[in-house]
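Asker: Enclosed is the structure file query.csv (CSV, C-alpha atoms).
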```csv
chain,number,residue,atom,x,y,z
A,1,MET,CA,-33.7,-51.7,-20.2
A,2,ILE,CA,-30.5,-49.7,-19.7
A,3,ARG,CA,-27.7,-51.4,-17.8
A,4,VAL,CA,-25.1,-49.4,-16.0
A,5,ASN,CA,-21.5,-50.6,-15.9
A,6,PRO,CA,-20.2,-49.9,-12.3
A,7,ALA,CA,-16.7,-50.9,-13.3
A,8,GLY,CA,-16.7,-48.4,-16.2
A,9,ASP,CA,-18.0,-45.6,-14.0
A,10,SER,CA,-15.3,-46.4,-11.4
A,11,THR,CA,-12.6,-46.3,-14.0
A,12,THR,CA,-13.9,-42.9,-15.3
A,13,ARG,CA,-13.9,-41.5,-11.8
A,14,ARG,CA,-10.4,-42.7,-11.1
A,15,THR,CA,-9.2,-41.2,-14.4
A,16,LEU,CA,-10.8,-37.8,-13.6
A,17,GLY,CA,-9.5,-37.9,-10.1
A,18,GLY,CA,-6.0,-38.7,-11.3
A,19,ALA,CA,-6.1,-35.8,-13.8
A,20,ALA,CA,-7.4,-33.4,-11.1
A,21,ARG,CA,-4.5,-34.5,-8.8
A,22,ILE,CA,-2.0,-33.9,-11.5
A,23,LEU,CA,-3.4,-30.4,-12.2
A,24,ALA,CA,-3.4,-29.6,-8.5
A,25,THR,CA,0.2,-30.7,-8.2
A,26,LEU,CA,1.2,-28.5,-11.1
A,27,GLN,CA,-0.8,-25.6,-9.7
A,28,LEU,CA,-2.9,-25.5,-12.9
A,29,ASP,CA,-6.5,-24.6,-13.2
A,30,GLY,CA,-8.5,-27.2,-15.2
A,31,PRO,CA,-11.4,-25.1,-16.5
A,32,LEU,CA,-9.0,-22.4,-17.7
A,33,LEU,CA,-6.7,-25.0,-19.4
A,34,ILE,CA,-9.7,-26.5,-21.2
A,35,GLY,CA,-10.8,-23.1,-22.5
A,36,LEU,CA,-7.2,-22.2,-23.7
A,37,GLY,CA,-6.9,-25.6,-25.3
A,38,LEU,CA,-10.1,-25.3,-27.2
A,39,VAL,CA,-9.1,-21.8,-28.5
A,40,CYS,CA,-5.7,-23.1,-29.6
A,41,CYS,CA,-7.2,-26.2,-31.4
A,42,TYR,CA,-9.7,-23.9,-33.2
A,43,GLY,CA,-6.8,-21.7,-34.2
A,44,PHE,CA,-4.8,-24.6,-35.7
A,45,ILE,CA,-7.7,-25.6,-37.8
A,46,VAL,CA,-8.2,-22.1,-39.1
A,47,LEU,CA,-4.4,-21.5,-39.5
A,48,TYR,CA,-4.1,-24.6,-41.8
A,49,SER,CA,-6.6,-23.1,-44.2
A,50,ALA,CA,-5.4,-19.5,-43.8
A,51,SER,CA,-1.8,-20.5,-44.5
A,52,GLY,CA,-2.8,-22.2,-47.8
A,53,GLN,CA,-2.6,-25.7,-46.3
A,54,ASN,CA,0.9,-25.1,-45.1
A,55,ILE,CA,1.4,-27.9,-42.7
A,56,GLY,CA,4.9,-26.6,-41.8
A,57,MET,CA,3.5,-23.4,-40.5
A,58,VAL,CA,1.0,-25.3,-38.4
A,59,LEU,CA,3.7,-27.5,-37.0
A,60,ARG,CA,5.8,-24.4,-36.1
A,61,ALA,CA,2.7,-23.0,-34.4
A,62,VAL,CA,2.3,-26.2,-32.4
A,63,MET,CA,6.0,-26.0,-31.4
A,64,ARG,CA,5.5,-22.4,-30.2
A,65,LEU,CA,2.4,-23.6,-28.3
A,66,ALA,CA,4.6,-26.2,-26.6
A,67,MET,CA,7.1,-23.5,-25.6
A,68,GLY,CA,4.3,-21.3,-24.3
A,69,ALA,CA,2.8,-24.3,-22.4
A,70,ALA,CA,6.2,-25.0,-20.8
A,71,ALA,CA,6.5,-21.4,-19.7
A,72,MET,CA,2.9,-21.5,-18.3
A,73,VAL,CA,3.6,-24.6,-16.3
A,74,ALA,CA,6.9,-23.2,-15.0
A,75,LEU,CA,5.5,-19.9,-14.0
A,76,ALA,CA,2.5,-21.5,-12.3
A,77,GLN,CA,4.9,-22.9,-9.7
A,78,VAL,CA,6.3,-19.5,-8.7
A,79,ARG,CA,4.9,-17.9,-5.5
A,80,PRO,CA,3.6,-14.4,-5.6
A,81,GLN,CA,6.3,-13.2,-3.3
A,82,GLN,CA,8.9,-14.4,-5.8
A,83,LEU,CA,7.1,-12.7,-8.7
A,84,ARG,CA,6.9,-9.5,-6.7
A,85,ALA,CA,10.6,-9.6,-6.0
A,86,ALA,CA,11.5,-10.4,-9.6
A,87,ALA,CA,9.3,-7.6,-11.1
A,88,PRO,CA,12.0,-4.9,-11.2
A,89,TRP,CA,14.6,-7.2,-12.7
A,90,ILE,CA,12.2,-8.4,-15.4
A,91,TYR,CA,11.3,-4.8,-16.2
A,92,ALA,CA,15.0,-3.8,-16.4
A,93,PHE,CA,15.8,-6.8,-18.5
A,94,GLY,CA,13.0,-5.9,-20.9
A,95,MET,CA,14.2,-2.3,-21.2
A,96,VAL,CA,17.7,-3.4,-22.0
A,97,LEU,CA,16.3,-5.7,-24.8
A,98,LEU,CA,14.3,-2.8,-26.2
A,99,VAL,CA,17.5,-0.7,-26.4
A,100,VAL,CA,19.4,-3.5,-28.0
A,101,VAL,CA,16.7,-4.1,-30.6
A,102,ASP,CA,16.9,-0.4,-31.5
A,103,VAL,CA,20.7,-0.8,-32.1
A,104,MET,CA,21.0,-4.3,-33.7
A,105,GLY,CA,17.5,-5.6,-34.2
A,106,VAL,CA,16.4,-7.5,-37.3
A,107,ILE,CA,14.5,-5.4,-39.8
A,108,GLY,CA,11.4,-6.9,-41.3
A,109,LYS,CA,8.5,-5.2,-43.2
A,110,GLY,CA,10.0,-1.8,-42.6
A,111,ALA,CA,10.2,-2.3,-38.8
A,112,GLN,CA,13.1,-3.1,-36.5
A,113,ARG,CA,11.3,-5.2,-33.9
A,114,TRP,CA,13.1,-8.5,-33.6
A,115,LEU,CA,16.2,-10.0,-32.1
A,116,ASP,CA,17.7,-13.0,-33.9
A,117,LEU,CA,19.7,-15.3,-31.6
A,118,GLY,CA,20.2,-17.9,-34.3
A,119,PHE,CA,18.1,-20.6,-32.7
A,120,ILE,CA,15.2,-18.3,-32.0
A,121,ARG,CA,13.8,-14.9,-33.2
A,122,PHE,CA,11.6,-12.9,-30.8
A,123,GLN,CA,10.2,-9.5,-30.1
A,124,PRO,CA,11.6,-8.0,-26.9
A,125,SER,CA,8.5,-5.7,-26.7
A,126,GLU,CA,6.4,-8.7,-25.8
A,127,VAL,CA,8.3,-9.1,-22.5
A,128,MET,CA,7.0,-5.6,-21.5
A,129,LYS,CA,3.4,-6.8,-21.8
A,130,LEU,CA,4.1,-8.7,-18.6
A,131,ALA,CA,6.9,-6.6,-17.0
A,132,VAL,CA,4.9,-3.3,-17.0
A,133,PRO,CA,1.8,-4.6,-15.0
A,134,MET,CA,4.1,-6.6,-12.7
A,135,LEU,CA,6.2,-3.6,-11.8
A,136,CYS,CA,3.1,-1.4,-11.4
A,137,ALA,CA,1.4,-3.9,-9.2
A,138,ARG,CA,4.6,-4.2,-7.0
A,139,TYR,CA,4.8,-0.4,-6.7
A,140,LEU,CA,1.2,-0.1,-5.6
A,141,HIS,CA,1.4,-3.1,-3.3
A,142,GLU,CA,3.9,-1.2,-1.2
A,143,ARG,CA,1.9,2.0,-0.9
A,144,PRO,CA,-1.6,3.1,0.3
A,145,LEU,CA,-4.4,3.2,-2.2
A,146,PRO,CA,-5.9,5.0,-4.0
A,147,PRO,CA,-2.7,6.3,-5.8
A,148,THR,CA,-1.8,10.0,-5.2
A,149,ALA,CA,-0.5,12.4,-7.9
A,150,PRO,CA,3.2,11.7,-7.2
A,151,MET,CA,2.5,8.0,-7.4
A,152,LEU,CA,0.7,8.4,-10.7
A,153,ALA,CA,3.7,10.3,-12.1
A,154,VAL,CA,5.9,7.4,-11.2
A,155,LEU,CA,3.5,4.9,-12.7
A,156,ALA,CA,3.2,7.0,-15.9
A,157,GLY,CA,7.0,6.7,-16.3
A,158,ILE,CA,6.9,3.0,-15.8
A,159,ILE,CA,4.3,2.6,-18.5
A,160,LEU,CA,5.2,5.2,-21.1
A,161,LEU,CA,9.0,4.7,-21.3
A,162,PRO,CA,8.8,1.1,-22.8
A,163,ALA,CA,5.7,2.1,-24.8
A,164,ALA,CA,7.7,5.0,-26.4
A,165,LEU,CA,10.6,2.7,-27.2
A,166,THR,CA,8.2,0.2,-28.7
A,167,ALA,CA,6.4,2.8,-30.8
A,168,ALA,CA,9.7,4.0,-32.2
A,169,GLN,CA,10.5,0.6,-33.7
A,170,PRO,CA,7.8,1.3,-35.1
A,171,ASP,CA,5.2,-1.0,-33.4
A,172,LEU,CA,2.2,1.1,-32.5
A,173,GLY,CA,0.0,-1.9,-31.8
A,174,THR,CA,2.2,-3.4,-29.1
A,175,ALA,CA,2.9,0.0,-27.7
A,176,ILE,CA,-0.9,0.5,-27.3
A,177,LEU,CA,-1.2,-2.9,-25.6
A,178,ILE,CA,1.6,-2.0,-23.1
A,179,ILE,CA,-0.2,1.2,-22.2
A,180,ILE,CA,-3.5,-0.5,-21.8
A,181,GLY,CA,-2.1,-3.2,-19.6
A,182,GLY,CA,-0.6,-0.7,-17.2
A,183,LEU,CA,-3.6,1.7,-17.4
A,184,LEU,CA,-6.1,-1.0,-16.5
A,185,LEU,CA,-4.1,-1.8,-13.5
A,186,VAL,CA,-3.9,1.8,-12.3
A,187,ILE,CA,-7.7,2.2,-12.8
A,188,MET,CA,-8.4,-0.9,-10.7
A,189,ALA,CA,-6.2,0.5,-8.0
A,190,GLY,CA,-8.9,3.2,-7.4
A,191,LEU,CA,-7.9,6.0,-9.7
A,192,PRO,CA,-10.0,9.0,-8.8
A,193,VAL,CA,-12.5,10.2,-11.4
A,194,TRP,CA,-11.0,13.7,-11.7
A,195,TYR,CA,-7.7,12.1,-12.5
A,196,MET,CA,-9.4,10.1,-15.2
A,197,ILE,CA,-10.9,13.2,-16.7
A,198,GLY,CA,-7.6,15.0,-16.6
A,199,GLY,CA,-5.9,12.0,-18.1
A,200,ILE,CA,-8.4,12.0,-21.0
A,201,ALA,CA,-7.6,15.7,-21.7
A,202,LEU,CA,-3.9,15.0,-21.5
A,203,ALA,CA,-4.3,12.0,-23.9
A,204,ALA,CA,-6.1,14.3,-26.3
A,205,CYS,CA,-3.3,16.8,-26.3
A,206,ALA,CA,-0.8,14.0,-26.6
A,207,ALA,CA,-2.7,12.5,-29.6
A,208,TRP,CA,-2.6,15.9,-31.3
A,209,VAL,CA,1.2,16.1,-30.8
A,210,GLY,CA,1.6,12.5,-31.9
A,211,TRP,CA,-0.5,13.0,-35.0
A,212,HIS,CA,1.6,15.9,-36.2
A,213,TYR,CA,5.1,15.0,-35.0
A,214,LEU,CA,5.4,11.3,-34.0
A,215,LEU,CA,3.2,9.1,-36.2
A,216,HIS,CA,4.6,7.8,-39.5
A,217,ASP,CA,2.8,8.6,-42.7
A,218,TYR,CA,1.4,5.1,-43.1
A,219,GLN,CA,0.1,5.2,-39.5
A,220,ARG,CA,-1.8,8.5,-40.1
A,221,LEU,CA,-3.1,7.0,-43.4
A,222,ARG,CA,-4.5,4.0,-41.4
A,223,VAL,CA,-6.5,6.3,-39.2
A,224,LEU,CA,-7.9,8.3,-42.2
A,225,THR,CA,-8.8,5.1,-44.1
A,226,PHE,CA,-10.5,3.8,-40.9
A,227,ILE,CA,-13.0,6.7,-41.3
A,228,ASP,CA,-13.5,6.0,-45.0
A,229,PRO,CA,-11.6,3.0,-46.5
A,230,THR,CA,-12.8,3.9,-50.0
A,231,THR,CA,-10.6,7.0,-50.1
A,232,ASP,CA,-7.7,4.7,-50.8
A,233,PRO,CA,-9.2,1.3,-52.0
A,234,GLN,CA,-6.0,0.0,-53.5
A,235,GLY,CA,-3.7,1.3,-50.8
A,236,ALA,CA,-4.2,1.8,-47.1
A,237,GLY,CA,-7.9,1.0,-47.3
A,238,TYR,CA,-7.4,-2.3,-49.1
A,239,HIS,CA,-7.0,-4.4,-45.9
A,240,ILE,CA,-10.3,-3.3,-44.4
A,241,ILE,CA,-12.3,-3.5,-47.6
A,242,GLN,CA,-11.1,-7.1,-48.3
A,243,SER,CA,-11.7,-8.0,-44.7
A,244,GLN,CA,-15.2,-6.7,-44.7
A,245,ILE,CA,-15.9,-8.5,-48.0
A,246,ALA,CA,-14.6,-11.8,-46.5
A,247,ILE,CA,-16.7,-11.5,-43.3
A,248,GLY,CA,-19.8,-10.4,-45.1
A,249,SER,CA,-19.6,-13.1,-47.8
A,250,GLY,CA,-19.5,-15.9,-45.2
A,251,GLY,CA,-23.1,-15.3,-44.1
A,252,ILE,CA,-24.4,-17.4,-41.2
A,253,PHE,CA,-22.8,-20.7,-41.9
A,254,GLY,CA,-19.8,-19.8,-44.1
A,255,LYS,CA,-18.5,-21.1,-47.3
A,256,GLY,CA,-16.8,-24.1,-45.7
A,257,TRP,CA,-13.3,-24.9,-44.5
A,258,MET,CA,-10.7,-24.1,-47.1
A,259,ASN,CA,-13.4,-22.8,-49.4
A,260,GLY,CA,-13.1,-19.0,-48.8
A,261,SER,CA,-12.5,-17.1,-52.0
A,262,GLN,CA,-11.0,-14.0,-50.5
A,263,SER,CA,-8.5,-16.0,-48.4
A,264,GLN,CA,-7.7,-18.9,-50.7
A,265,LEU,CA,-7.3,-16.6,-53.7
A,266,GLU,CA,-5.1,-14.3,-51.6
A,267,TYR,CA,-7.2,-11.2,-51.9
A,268,LEU,CA,-7.1,-10.9,-48.1
A,269,PRO,CA,-3.7,-9.7,-46.9
A,270,GLU,CA,-2.1,-11.0,-43.7
A,271,ARG,CA,-4.7,-13.7,-43.6
A,272,HIS,CA,-2.7,-16.0,-41.3
A,273,THR,CA,-1.8,-13.2,-38.8
A,274,ASP,CA,-3.7,-10.0,-38.1
A,275,PHE,CA,-6.7,-10.7,-40.4
A,276,ILE,CA,-7.3,-14.4,-39.6
A,277,PHE,CA,-10.6,-13.4,-37.9
A,278,ALA,CA,-11.8,-12.5,-41.4
A,279,VAL,CA,-10.9,-16.0,-42.6
A,280,ILE,CA,-13.1,-17.5,-39.9
A,281,GLY,CA,-16.0,-15.2,-40.8
A,282,GLU,CA,-15.7,-16.2,-44.5
A,283,GLU,CA,-15.2,-20.0,-44.1
A,284,PHE,CA,-17.3,-20.6,-40.9
A,285,GLY,CA,-19.7,-17.7,-41.1
A,286,LEU,CA,-21.3,-15.9,-38.2
A,287,LEU,CA,-21.7,-19.2,-36.4
A,288,GLY,CA,-18.0,-19.8,-36.4
A,289,LEU,CA,-17.3,-16.3,-35.1
A,290,VAL,CA,-19.8,-16.8,-32.3
A,291,ILE,CA,-18.2,-20.1,-31.3
A,292,LEU,CA,-14.7,-18.5,-31.1
A,293,LEU,CA,-16.0,-15.5,-29.2
A,294,SER,CA,-17.8,-17.8,-26.8
A,295,LEU,CA,-14.6,-19.7,-26.2
A,296,TYR,CA,-12.8,-16.4,-25.5
A,297,LEU,CA,-15.6,-15.4,-23.1
A,298,ILE,CA,-15.1,-18.6,-21.2
A,299,VAL,CA,-11.4,-17.9,-20.9
A,300,VAL,CA,-11.9,-14.3,-19.8
A,301,ALA,CA,-14.7,-15.2,-17.3
A,302,ARG,CA,-12.6,-17.9,-15.7
A,303,SER,CA,-9.6,-15.7,-15.5
A,304,LEU,CA,-11.6,-12.9,-13.8
A,305,TYR,CA,-13.0,-15.5,-11.3
A,306,LEU,CA,-9.4,-16.6,-10.4
A,307,ALA,CA,-8.4,-13.0,-10.1
A,308,SER,CA,-11.3,-12.3,-7.7
A,309,GLN,CA,-10.1,-15.1,-5.4
A,310,THR,CA,-6.6,-13.7,-4.8
A,311,GLN,CA,-5.9,-11.9,-1.6
A,312,ASP,CA,-3.2,-9.2,-1.5
A,313,THR,CA,-2.9,-6.0,-3.5
A,314,PHE,CA,-0.2,-7.2,-5.8
A,315,SER,CA,-2.0,-10.4,-6.7
A,316,ARG,CA,-5.4,-8.8,-7.2
A,317,LEU,CA,-4.2,-6.0,-9.4
A,318,LEU,CA,-1.8,-8.1,-11.5
A,319,SER,CA,-4.2,-11.0,-12.1
A,320,ALA,CA,-7.1,-8.7,-13.0
A,321,SER,CA,-4.9,-6.7,-15.3
A,322,LEU,CA,-3.8,-9.9,-17.1
A,323,ALA,CA,-7.4,-11.1,-17.5
A,324,LEU,CA,-8.8,-7.8,-18.8
A,325,THR,CA,-5.8,-7.2,-21.1
A,326,PHE,CA,-6.5,-10.5,-22.8
A,327,PHE,CA,-10.1,-9.3,-23.4
A,328,VAL,CA,-8.7,-6.1,-24.8
A,329,TYR,CA,-6.5,-8.0,-27.2
A,330,VAL,CA,-9.5,-9.8,-28.6
A,331,PHE,CA,-11.6,-6.6,-28.7
A,332,ILE,CA,-9.0,-4.7,-30.6
A,333,ASN,CA,-8.3,-7.4,-33.2
A,334,THR,CA,-11.9,-8.2,-33.9
A,335,GLY,CA,-12.8,-4.5,-34.0
A,336,MET,CA,-9.9,-3.8,-36.3
A,337,VAL,CA,-10.7,-6.6,-38.8
A,338,SER,CA,-14.4,-5.7,-38.9
A,339,GLY,CA,-13.7,-2.0,-39.5
A,340,LEU,CA,-14.8,-0.7,-36.1
A,341,LEU,CA,-11.3,0.3,-35.1
A,342,PRO,CA,-8.2,1.5,-37.0
A,343,VAL,CA,-5.7,-1.1,-38.1
A,344,VAL,CA,-2.9,-1.2,-35.5
A,345,GLY,CA,-1.4,-4.6,-36.1
A,346,VAL,CA,-2.7,-6.6,-33.1
A,347,PRO,CA,-2.9,-10.4,-33.7
A,348,LEU,CA,-5.9,-12.5,-32.6
A,349,PRO,CA,-4.8,-14.1,-29.3
A,350,LEU,CA,-3.8,-17.8,-29.6
A,351,VAL,CA,-5.2,-18.0,-33.1
A,352,SER,CA,-3.0,-15.8,-35.3
A,353,TYR,CA,0.4,-17.2,-36.4
A,354,GLY,CA,3.1,-15.7,-34.1
A,355,GLY,CA,5.6,-17.2,-31.8
A,356,THR,CA,6.5,-14.6,-29.2
A,357,SER,CA,2.9,-13.4,-28.8
A,358,MET,CA,1.6,-16.9,-28.0
A,359,VAL,CA,4.5,-17.6,-25.5
A,360,THR,CA,3.8,-14.3,-23.8
A,361,LEU,CA,0.1,-14.9,-23.5
A,362,LEU,CA,0.5,-18.4,-22.0
A,363,ALA,CA,3.2,-17.1,-19.7
A,364,GLY,CA,0.7,-14.5,-18.4
A,365,PHE,CA,-1.9,-17.2,-17.8
A,366,GLY,CA,0.8,-19.2,-15.9
A,367,ILE,CA,1.3,-16.1,-13.7
A,368,LEU,CA,-2.4,-15.8,-13.2
A,369,MET,CA,-2.7,-19.5,-12.1
A,370,ALA,CA,0.3,-19.0,-9.7
A,371,LEU,CA,-1.4,-16.0,-8.0
A,372,TYR,CA,-4.6,-18.0,-7.6
A,373,SER,CA,-3.2,-21.4,-6.5
A,374,HIS,CA,-0.8,-19.8,-4.0
A,375,ARG,CA,-3.4,-17.4,-2.6
A,376,LYS,CA,-3.4,-19.0,0.9
A,377,LEU,CA,0.4,-18.8,1.1
A,378,VAL,CA,0.7,-15.1,0.4
A,379,GLY,CA,2.1,-12.9,3.1
A,380,SER,CA,1.1,-9.3,3.7
```
Give the structure from the file, written as structure tokens.
Answerer:
Amino acid sequence: MIRVNPAGDSTTRRTLGGAARILATLQLDGPLLIGLGLVCCYGFIVLYSASGQNIGMVLRAVMRLAMGAAAMVALAQVRPQQLRAAAPWIYAFGMVLLVVVDVMGVIGKGAQRWLDLGFIRFQPSEVMKLAVPMLCARYLHERPLPPTAPMLAVLAGIILLPAALTAAQPDLGTAILIIIGGLLLVIMAGLPVWYMIGGIALAACAAWVGWHYLLHDYQRLRVLTFIDPTTDPQGAGYHIIQSQIAIGSGGIFGKGWMNGSQSQLEYLPERHTDFIFAVIGEEFGLLGLVILLSLYLIVVARSLYLASQTQDTFSRLLSASLALTFFVYVFINTGMVSGLLPVVGVPLPLVSYGGTSMVTLLAGFGILMALYSHRKLVGS
């Protein structure tokens, strides 16, 4: 005979009710928080192995998660009207930082992408991942939709100017993400089909110009080795070849945590940053990859649900852009590591080691929660 403990059930209900009240007070969404927390915990487990059991690196990642969580909680308290008013200033601040980093930025691995303030080192281009969609959403909020040709010209300037400064660092991966974040928002604003076709043709022409006059030699080599990595197996194709070996050797259930030969013997480059997805495939197998992708799916699905509940144009466009851009981050990294896309240096969200990226992502989710939780307070 099974006995039920009413006192225990009552305690559980009070605990859950208290947690729900705290989350409501802080304007945070419980299901989204759970999804984000599970992804981060999964990431710390993998990072410990990928870093060669470097507990210091894991602790630094935890500290950056704490910084990102603080930014998320703070931004969740901000009303949409305040975000809308701050958008031009955040964009201008980010543009100034991009100019500053071109003049006096820290050089690392052949790129000048970071500003070192002594107590913190960060990438100013990460700010533009939020600033660009915020300013685009504000611009469209104040005008009738769908956007007209003059409006699209203004939006193109808002998006392409910071992307060009970022690509010049060079940081092609972040530049692409800035463009995607703004482009998704413009498409959701009701971009006419003929404009899309024209944009594709214009992008093709721009790609030709970029290939011949703007891309660095190593960036062109990445595209060529994407087509056939074996053309340069010890050079530009090395990353993809080793990544595919790692993922394929993991099988269904993997070789076990900290038992991956490609990662532990350091055959796999950038294994704790851009190619950490390959470490998961080798050590946890297909099952481990499916679990992580399922967690990502939960986060994206919940984010899209929150976005669908917002009311005004600014909130709807910005929240949907943030949700879909997160999905694109995952898609690009997993496609890059598995050889389906060229290597462009995009980290795996909330799993790869990287401070500024994690803070920016969690700040974006804070904005998304703010737009959802304050939806009944939004003015026209």
Asker: Between CA of Ala131 in chain A and CA of Trp208 in chain A, measure the distance and give it in Å to one decimal.
Answerer: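 CA of Ala131 in chain A sits 28.3 Å away from CA of Trp208 in chain A.
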Asker: Report, in Å with one decimal, the straight-line distance from CA of Val337 in chain A to CA of Val223 in chain A.
Answerer: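 That distance, rounded to one decimal, is 13.6 Å.
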Asker: For CA of Asp171 in chain A and CA of Ile241 in chain A, determine how far apart the two atoms are, in Å to one decimal place.
Answerer: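 We find that CA of Asp171 in chain A and CA of Ile241 in chain A lie 22.7 Å from each other.
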Asker: Taking only C-alpha atoms into account, which of A:Ser321, A:Gln81, A:Ser303, A:Thr273 comes nearest Met57 in chain A?
Answerer: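 Checking each candidate against Met57 in chain A, we get A:Thr273 as the closest.
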Asker: Using all atoms listed in the file, what does the table of range 13-108 of chain A residues within 10 Å of range 289-292 of chain A look like, with each row giving the shortest atom pair and its distance in Å to one decimal, sorted by chain and ascending number, as JSON lines?
Answerer:
```
{"residue": "A:Leu38", "atom": "CA", "partner": "A:Leu292", "partner_atom": "CA", "distance": 9.1}
{"residue": "A:Val39", "atom": "CA", "partner": "A:Leu292", "partner_atom": "CA", "distance": 7.0}
{"residue": "A:Tyr42", "atom": "CA", "partner": "A:Leu292", "partner_atom": "CA", "distance": 7.7}
{"residue": "A:Gly43", "atom": "CA", "partner": "A:Leu292", "partner_atom": "CA", "distance": 9.1}
```
Asker: Which residues, written as a PyMOL selection string, have at least one atom at most 9 Å from Pro162 in chain A, with all atoms listed in the file counted and residues fewer than 5 positions away on the same chain left out?
Answerer: chain A and resi 94-95+98+125+128+132+157+167+175+178
Asker: Using all atoms listed in the file, which of the listed residues (A:Phe284, A:Phe275, A:Tyr353, A:Tyr91) sits closest to Asn333 in chain A?
Answerer: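 For Asn333 in chain A, the nearest of the candidates is A:Phe275.
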Asker: Selecting N, CA, C and O atoms, how would range 327-339 of chain A from this structure be written as a PDB file, in the first residue's frame?
Answerer:
```
ATOM      1  N   PHE A 327      19.091  30.434 -33.136  1.00  0.00           N
ATOM      2  CA  PHE A 327      19.016  29.202 -33.928  1.00  0.00           C
ATOM      3  C   PHE A 327      20.066  29.199 -35.031  1.00  0.00           C
ATOM      4  O   PHE A 327      20.711  28.178 -35.294  1.00  0.00           O
ATOM      5  N   VAL A 328      20.268  30.341 -35.688  1.00  0.00           N
ATOM      6  CA  VAL A 328      21.251  30.434 -36.763  1.00  0.00           C
ATOM      7  C   VAL A 328      22.658  30.199 -36.229  1.00  0.00           C
ATOM      8  O   VAL A 328      23.486  29.554 -36.880  1.00  0.00           O
ATOM      9  N   TYR A 329      22.956  30.715 -35.029  1.00  0.00           N
ATOM     10  CA  TYR A 329      24.271  30.469 -34.417  1.00  0.00           C
ATOM     11  C   TYR A 329      24.529  28.973 -34.306  1.00  0.00           C
ATOM     12  O   TYR A 329      25.608  28.483 -34.661  1.00  0.00           O
ATOM     13  N   VAL A 330      23.534  28.259 -33.787  1.00  0.00           N
ATOM     14  CA  VAL A 330      23.676  26.804 -33.619  1.00  0.00           C
ATOM     15  C   VAL A 330      23.845  26.133 -34.973  1.00  0.00           C
ATOM     16  O   VAL A 330      24.709  25.263 -35.158  1.00  0.00           O
ATOM     17  N   PHE A 331      23.029  26.532 -35.935  1.00  0.00           N
ATOM     18  CA  PHE A 331      23.066  25.929 -37.265  1.00  0.00           C
ATOM     19  C   PHE A 331      24.428  26.138 -37.926  1.00  0.00           C
ATOM     20  O   PHE A 331      24.997  25.208 -38.514  1.00  0.00           O
ATOM     21  N   ILE A 332      24.967  27.347 -37.842  1.00  0.00           N
ATOM     22  CA  ILE A 332      26.246  27.635 -38.498  1.00  0.00           C
ATOM     23  C   ILE A 332      27.366  26.846 -37.856  1.00  0.00           C
ATOM     24  O   ILE A 332      28.207  26.245 -38.545  1.00  0.00           O
ATOM     25  N   ASN A 333      27.432  26.822 -36.527  1.00  0.00           N
ATOM     26  CA  ASN A 333      28.531  26.103 -35.880  1.00  0.00           C
ATOM     27  C   ASN A 333      28.465  24.614 -36.147  1.00  0.00           C
ATOM     28  O   ASN A 333      29.479  23.996 -36.501  1.00  0.00           O
ATOM     29  N   THR A 334      27.291  24.009 -35.997  1.00  0.00           N
ATOM     30  CA  THR A 334      27.186  22.563 -36.216  1.00  0.00           C
ATOM     31  C   THR A 334      27.435  22.212 -37.683  1.00  0.00           C
ATOM     32  O   THR A 334      28.061  21.200 -37.985  1.00  0.00           O
ATOM     33  N   GLY A 335      26.951  23.054 -38.596  1.00  0.00           N
ATOM     34  CA  GLY A 335      27.216  22.815 -40.007  1.00  0.00           C
ATOM     35  C   GLY A 335      28.680  22.984 -40.352  1.00  0.00           C
ATOM     36  O   GLY A 335      29.244  22.226 -41.151  1.00  0.00           O
ATOM     37  N   MET A 336      29.330  23.960 -39.733  1.00  0.00           N
ATOM     38  CA  MET A 336      30.754  24.207 -39.955  1.00  0.00           C
ATOM     39  C   MET A 336      31.606  23.044 -39.469  1.00  0.00           C
ATOM     40  O   MET A 336      32.501  22.561 -40.172  1.00  0.00           O
ATOM     41  N   VAL A 337      31.323  22.572 -38.263  1.00  0.00           N
ATOM     42  CA  VAL A 337      32.118  21.501 -37.663  1.00  0.00           C
ATOM     43  C   VAL A 337      31.922  20.175 -38.389  1.00  0.00           C
ATOM     44  O   VAL A 337      32.850  19.372 -38.509  1.00  0.00           O
ATOM     45  N   SER A 338      30.714  19.950 -38.900  1.00  0.00           N
ATOM     46  CA  SER A 338      30.435  18.683 -39.589  1.00  0.00           C
ATOM     47  C   SER A 338      30.783  18.722 -41.070  1.00  0.00           C
ATOM     48  O   SER A 338      30.623  17.723 -41.762  1.00  0.00           O
ATOM     49  N   GLY A 339      31.257  19.867 -41.565  1.00  0.00           N
ATOM     50  CA  GLY A 339      31.686  19.968 -42.960  1.00  0.00           C
ATOM     51  C   GLY A 339      30.584  20.349 -43.921  1.00  0.00           C
ATOM     52  O   GLY A 339      30.787  20.325 -45.129  1.00  0.00           O
TER      53      GLY A 339
END
```
